[in-house]
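The structure appears below as structure tokens.
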Amino acid sequence: MRGSLPINRRSVFKLRQAGIASLGSAKIKIVLCACVALTLLAVTNRNRDGSSSLMGWTGDVASLDSSSSPRGQYAIVMNTWKRYDLLKKSISHYALCPRLQSIHIVWSEPDPPSDSLKRFLNNVVQLNSRNGHRVELVFDINKEDSLNNRFKEIKDLKTDAVFSIDDDVIFPCSSVEFAFTVWQSAPDTMVGYVPRMHWVDKTKGNDEYIYGGWWSVWWTGTYSMVLSKAAFFHKKYLKLYSDEMPASIKEYITRNRNCEDIAMSFLVANATVAPPIWVKGKIFEIGSTGISSLGGHSEKRSECVNNFVAEFGRMPLVPTSMKAVDSRNVWFW
């Protein structure tokens, strides 16, 4: 009996090892099956999210909070200029976004909007209203033609959040809703889709700067501005721009028809001492080529940056390399 006891123990030990190995193999198989099932589910949901009523621009955003409270909604402030077809397309699209409360069209043309245009846009907004909520449509008429008009204070604005957008830029509603959620987590900063950077001009010392376009952001992963052609910010910055932005900067912008977006970035950074937040999003440019494609664009923007630094008395822009990504719509994040 004494001689057989070690053999029995060894046998039991081997049986245990075999049992553990079998259990581990079963666990691995279960995990692999679960991964395959989740992958198939993700692909199915991705296809469902990608469904669209307008060239893939409107995604499924039913899972997002669609609170009817003004704090849970945002207003679009859209800049436009004699591009009525683009304006119609943009309004038709954004009127479908679930948490949109109002659309304010910044109108700086010498003639007021035609009755036919107003009638068309009001009909579109009414047709695209959801769950009994109708988006408010307002034309903000300006006597002077100036890019500063896009940042005029709106007295009766019912939401804290402003989504500043050009009439030739389209984002899926799901992307807009995600950016709005990011803004809600940091309501004092600018949250946008189009990042830019300022660089020290080492050939001229530490007091001169160069405006860095998209390719410099792409190459370095660093940015210090998000352009107001597609950005969220708090409505208080409209009042701050109207009341506190130096008159010399406003005059410069009106005279050169450029750089109002850089001025707003300076204003917000100066107030917060913090960087903006770049949100990853798919952009559809539906208009013709803009001023950024014209010769000397970067030089003119660099001139703006240096003039604004002189007016502010310092460089307020804060560089960062952070980017907000909606992990539900990407494989790797």
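Chains: A, B, ... in order of the structure tokens. Residues: from 1 per chain. Ligands: from 1, in order shown.
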Taking the backbone alone, and naming residues the way the document does, which bits of range 200-278 of chain A are strand (DSSP E) by DSSP, as a short mmCIF file (atom, residue, chain, number, x, y, z; two decimals) with N, CA and C atoms, in the first residue's frame?
data_model
loop_
_atom_site.label_atom_id
_atom_site.label_comp_id
_atom_site.auth_asym_id
_atom_site.auth_seq_id
_atom_site.Cartn_x
_atom_site.Cartn_y
_atom_site.Cartn_z
N VAL A 200 6.75 78.78 -34.97
CA VAL A 200 7.73 79.86 -34.84
C VAL A 200 8.58 79.91 -36.09
N TYR A 209 5.77 84.31 -36.57
CA TYR A 209 5.11 83.01 -36.68
C TYR A 209 4.71 82.72 -38.13
N ILE A 210 4.59 81.42 -38.40
CA ILE A 210 4.13 80.94 -39.71
C ILE A 210 2.83 80.16 -39.50
N TYR A 211 1.87 80.42 -40.35
CA TYR A 211 0.61 79.68 -40.31
C TYR A 211 0.80 78.30 -40.93
N GLY A 212 0.45 77.27 -40.18
CA GLY A 212 0.60 75.90 -40.66
C GLY A 212 -0.73 75.32 -41.11
N MET A 225 -5.33 75.40 -33.40
CA MET A 225 -6.60 76.04 -33.79
C MET A 225 -7.51 74.99 -34.39
N VAL A 226 -8.82 75.21 -34.27
CA VAL A 226 -9.80 74.52 -35.11
C VAL A 226 -10.62 75.61 -35.79
N ALA A 230 -16.25 74.87 -39.23
CA ALA A 230 -16.92 73.68 -38.71
C ALA A 230 -16.48 73.47 -37.26
N ALA A 231 -17.10 74.20 -36.32
CA ALA A 231 -16.66 74.11 -34.93
C ALA A 231 -17.78 74.48 -33.96
N PHE A 232 -17.76 73.84 -32.81
CA PHE A 232 -18.64 74.18 -31.70
C PHE A 232 -17.93 75.14 -30.75
N PHE A 233 -18.68 76.10 -30.23
CA PHE A 233 -18.18 76.93 -29.13
C PHE A 233 -19.36 77.49 -28.37
N HIS A 234 -19.10 78.03 -27.19
CA HIS A 234 -20.15 78.59 -26.34
C HIS A 234 -20.64 79.93 -26.90
N ILE A 277 -10.13 71.34 -29.22
CA ILE A 277 -10.21 69.89 -29.35
C ILE A 277 -10.57 69.56 -30.79
N TRP A 278 -9.73 68.77 -31.42
CA TRP A 278 -9.96 68.33 -32.78
C TRP A 278 -10.75 67.02 -32.75
#
Worksheet entry | DSSP alpha helix (DSSP H) residues within range 106-312 of chain A, listed as number ranges by chain | A: 115-127, 173-185, 214-220, 236-244, 247-256, 260-272, 297-312
Determine, counting only C-alpha atoms, which protein, DNA and RNA residues have an atom within 10 Å of an atom of Arg83 in chain A; residues of the same chain fewer than 6 positions away are not included. Present the result as a compact mmCIF listing (two decimals) with N, CA and C atoms, in the first residue's frame.
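Output file around.txt follows:
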# COMPACT_ATOMS: atom_id res chain seq x y z
N ASP A 167 -21.62 77.19 -45.57
CA ASP A 167 -22.72 76.59 -46.35
C ASP A 167 -22.26 75.51 -47.32
N ASP A 168 -20.95 75.36 -47.51
CA ASP A 168 -20.45 74.37 -48.47
C ASP A 168 -19.78 73.17 -47.80
N GLY A 287 -18.95 72.60 -52.27
CA GLY A 287 -18.81 73.82 -53.05
C GLY A 287 -17.60 73.79 -53.95
Practice prompt. Mind checking which residues fall within 12 Å of Asp201 in chain A, counting only C-alpha atoms, ignoring those fewer than 2 positions away in the same chain, and posting them as an MDAnalysis selection string?
Written response: chainID A and resid 198:199 203:212 302:303 305:306
Can you spit out the residues from that selection as a short mmCIF file (atom, residue, chain, number, x, y, z; two decimals), in the first residue's frame, using all heavy atoms?
data_model
loop_
_atom_site.label_atom_id
_atom_site.label_comp_id
_atom_site.auth_asym_id
_atom_site.auth_seq_id
_atom_site.Cartn_x
_atom_site.Cartn_y
_atom_site.Cartn_z
N HIS A 198 0.18 77.01 -35.63
CA HIS A 198 1.11 78.14 -35.81
C HIS A 198 2.51 77.64 -35.46
O HIS A 198 2.69 76.85 -34.53
CB HIS A 198 0.73 79.32 -34.92
CG HIS A 198 1.00 79.08 -33.46
ND1 HIS A 198 0.18 78.29 -32.66
CD2 HIS A 198 2.02 79.51 -32.66
CE1 HIS A 198 0.67 78.25 -31.43
NE2 HIS A 198 1.78 78.97 -31.40
N TRP A 199 3.49 78.09 -36.21
CA TRP A 199 4.88 77.68 -35.98
C TRP A 199 5.76 78.91 -35.82
O TRP A 199 5.53 79.93 -36.48
CB TRP A 199 5.41 76.83 -37.15
CG TRP A 199 4.60 75.61 -37.43
CD1 TRP A 199 3.68 75.44 -38.43
CD2 TRP A 199 4.61 74.39 -36.69
NE1 TRP A 199 3.12 74.19 -38.38
CE2 TRP A 199 3.67 73.52 -37.31
CE3 TRP A 199 5.32 73.94 -35.58
CZ2 TRP A 199 3.43 72.22 -36.84
CZ3 TRP A 199 5.08 72.63 -35.12
CH2 TRP A 199 4.16 71.81 -35.75
N THR A 203 13.69 81.57 -38.85
CA THR A 203 14.56 82.45 -39.65
C THR A 203 14.45 83.90 -39.21
O THR A 203 15.29 84.72 -39.58
CB THR A 203 14.19 82.35 -41.14
OG1 THR A 203 12.85 82.86 -41.34
CG2 THR A 203 14.25 80.91 -41.62
N LYS A 204 13.41 84.21 -38.41
CA LYS A 204 13.20 85.59 -37.98
C LYS A 204 13.17 85.74 -36.46
O LYS A 204 12.68 86.73 -35.94
CB LYS A 204 11.89 86.12 -38.57
CG LYS A 204 11.87 86.14 -40.09
CD LYS A 204 10.56 86.70 -40.61
CE LYS A 204 10.55 86.72 -42.13
NZ LYS A 204 9.27 87.22 -42.68
N GLY A 205 13.65 84.74 -35.74
CA GLY A 205 13.65 84.82 -34.29
C GLY A 205 12.40 84.20 -33.70
O GLY A 205 11.64 83.49 -34.36
N ASN A 206 12.15 84.45 -32.41
CA ASN A 206 11.05 83.84 -31.69
C ASN A 206 9.79 84.68 -31.67
O ASN A 206 8.80 84.30 -31.02
CB ASN A 206 11.49 83.54 -30.25
CG ASN A 206 12.58 82.49 -30.18
OD1 ASN A 206 12.60 81.56 -30.99
ND2 ASN A 206 13.49 82.64 -29.23
N ASP A 207 9.80 85.83 -32.33
CA ASP A 207 8.64 86.72 -32.29
C ASP A 207 7.83 86.72 -33.57
O ASP A 207 6.86 87.47 -33.69
CB ASP A 207 9.11 88.16 -31.97
CG ASP A 207 9.76 88.26 -30.60
OD1 ASP A 207 9.32 87.52 -29.71
OD2 ASP A 207 10.70 89.07 -30.44
N GLU A 208 8.22 85.92 -34.53
CA GLU A 208 7.50 85.82 -35.80
C GLU A 208 6.96 84.40 -35.96
O GLU A 208 7.60 83.43 -35.56
CB GLU A 208 8.42 86.17 -36.98
CG GLU A 208 8.84 87.63 -37.02
CD GLU A 208 7.72 88.54 -37.51
OE1 GLU A 208 6.91 88.10 -38.34
OE2 GLU A 208 7.65 89.68 -37.04
N TYR A 209 5.77 84.31 -36.57
CA TYR A 209 5.11 83.01 -36.68
C TYR A 209 4.71 82.72 -38.13
O TYR A 209 4.51 83.62 -38.93
CB TYR A 209 3.87 82.96 -35.79
CG TYR A 209 4.19 83.12 -34.32
CD1 TYR A 209 4.19 84.38 -33.72
CD2 TYR A 209 4.50 82.01 -33.54
CE1 TYR A 209 4.49 84.53 -32.38
CE2 TYR A 209 4.80 82.15 -32.20
CZ TYR A 209 4.79 83.41 -31.63
OH TYR A 209 5.10 83.56 -30.29
N ILE A 210 4.59 81.42 -38.40
CA ILE A 210 4.13 80.94 -39.71
C ILE A 210 2.83 80.16 -39.50
O ILE A 210 2.72 79.35 -38.56
CB ILE A 210 5.17 80.01 -40.37
CG1 ILE A 210 6.49 80.76 -40.59
CG2 ILE A 210 4.66 79.45 -41.68
CD1 ILE A 210 7.62 79.86 -41.07
N TYR A 211 1.87 80.42 -40.35
CA TYR A 211 0.61 79.68 -40.31
C TYR A 211 0.80 78.30 -40.93
O TYR A 211 1.30 78.17 -42.05
CB TYR A 211 -0.46 80.46 -41.08
CG TYR A 211 -1.79 79.75 -41.22
CD1 TYR A 211 -2.73 79.79 -40.19
CD2 TYR A 211 -2.12 79.08 -42.41
CE1 TYR A 211 -3.95 79.16 -40.33
CE2 TYR A 211 -3.35 78.44 -42.54
CZ TYR A 211 -4.26 78.48 -41.50
OH TYR A 211 -5.48 77.87 -41.65
N GLY A 212 0.45 77.27 -40.18
CA GLY A 212 0.60 75.90 -40.66
C GLY A 212 -0.73 75.32 -41.11
O GLY A 212 -1.68 75.25 -40.33
N SER A 302 -0.31 83.83 -42.45
CA SER A 302 0.81 84.09 -41.53
C SER A 302 0.84 85.56 -41.12
O SER A 302 1.10 85.89 -39.96
CB SER A 302 2.14 83.71 -42.20
OG SER A 302 2.20 82.32 -42.47
N GLU A 303 0.54 86.42 -42.07
CA GLU A 303 0.47 87.86 -41.76
C GLU A 303 -0.63 88.13 -40.74
O GLU A 303 -0.43 88.93 -39.81
CB GLU A 303 0.19 88.63 -43.05
CG GLU A 303 0.16 90.14 -42.87
CD GLU A 303 -0.15 90.85 -44.18
OE1 GLU A 303 0.55 90.58 -45.17
OE2 GLU A 303 -1.10 91.66 -44.20
N VAL A 305 -1.76 86.04 -38.43
CA VAL A 305 -1.30 85.54 -37.13
C VAL A 305 -0.39 86.55 -36.46
O VAL A 305 -0.56 86.88 -35.27
CB VAL A 305 -0.59 84.18 -37.30
CG1 VAL A 305 0.11 83.78 -36.00
CG2 VAL A 305 -1.57 83.10 -37.71
N ASN A 306 0.56 87.09 -37.19
CA ASN A 306 1.52 88.04 -36.60
C ASN A 306 0.86 89.36 -36.23
O ASN A 306 1.19 89.96 -35.19
CB ASN A 306 2.69 88.26 -37.56
CG ASN A 306 3.62 87.05 -37.62
OD1 ASN A 306 4.24 86.67 -36.63
ND2 ASN A 306 3.71 86.43 -38.79
#
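Residues in contact with range 113-122 of chain A at 7 Å, where only C-alpha atoms are counted and same-chain residues fewer than 3 positions away are skipped, are listed as Lys88, Val125, Gln126 and Leu137 of chain A.
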Could you dump the residues just selected with N, CA, C and O atoms as an mmCIF file, in the first residue's frame?
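This went into out25.cif:
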data_model
loop_
_atom_site.group_PDB
_atom_site.id
_atom_site.type_symbol
_atom_site.label_atom_id
_atom_site.label_comp_id
_atom_site.auth_asym_id
_atom_site.auth_seq_id
_atom_site.Cartn_x
_atom_site.Cartn_y
_atom_site.Cartn_z
ATOM 1 N N LYS A 88 -29.386 75.488 -49.800
ATOM 2 C CA LYS A 88 -30.540 74.579 -49.754
ATOM 3 C C LYS A 88 -30.102 73.168 -49.368
ATOM 4 O O LYS A 88 -30.759 72.495 -48.557
ATOM 5 N N VAL A 125 -37.366 72.592 -43.649
ATOM 6 C CA VAL A 125 -37.237 72.426 -42.199
ATOM 7 C C VAL A 125 -38.481 71.759 -41.626
ATOM 8 O O VAL A 125 -38.401 70.873 -40.765
ATOM 9 N N GLN A 126 -39.646 72.171 -42.106
ATOM 10 C CA GLN A 126 -40.891 71.591 -41.615
ATOM 11 C C GLN A 126 -40.999 70.109 -41.984
ATOM 12 O O GLN A 126 -41.390 69.273 -41.167
ATOM 13 N N LEU A 137 -35.872 78.387 -37.939
ATOM 14 C CA LEU A 137 -35.023 78.918 -39.010
ATOM 15 C C LEU A 137 -35.085 80.438 -38.986
ATOM 16 O O LEU A 137 -36.173 81.036 -39.040
#
Worksheet item: By how many Å are CA of Ala247 in chain A and CA of Ile103 in chain A apart?
Response: 27.6 Å
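Closest approach to Ser146 in chain A from the set A:Gly296, A:Pro110, A:Pro246, A:Pro275 is made by A:Pro110, with distances taken over only C-alpha atoms.
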Closest atom pairs, residues of range 77-150 of chain A within 12 Å of range 177-197 of chain A, only C-alpha atoms, as CSV:
residue,atom,partner,partner_atom,distance
A:Tyr94,CA,A:Glu177,CA,11.0
A:Leu96,CA,A:Glu177,CA,11.4
A:Cys97,CA,A:Glu177,CA,7.8
A:Pro98,CA,A:Glu177,CA,8.1
A:Arg99,CA,A:Glu177,CA,7.4
A:Leu100,CA,A:Glu177,CA,9.0
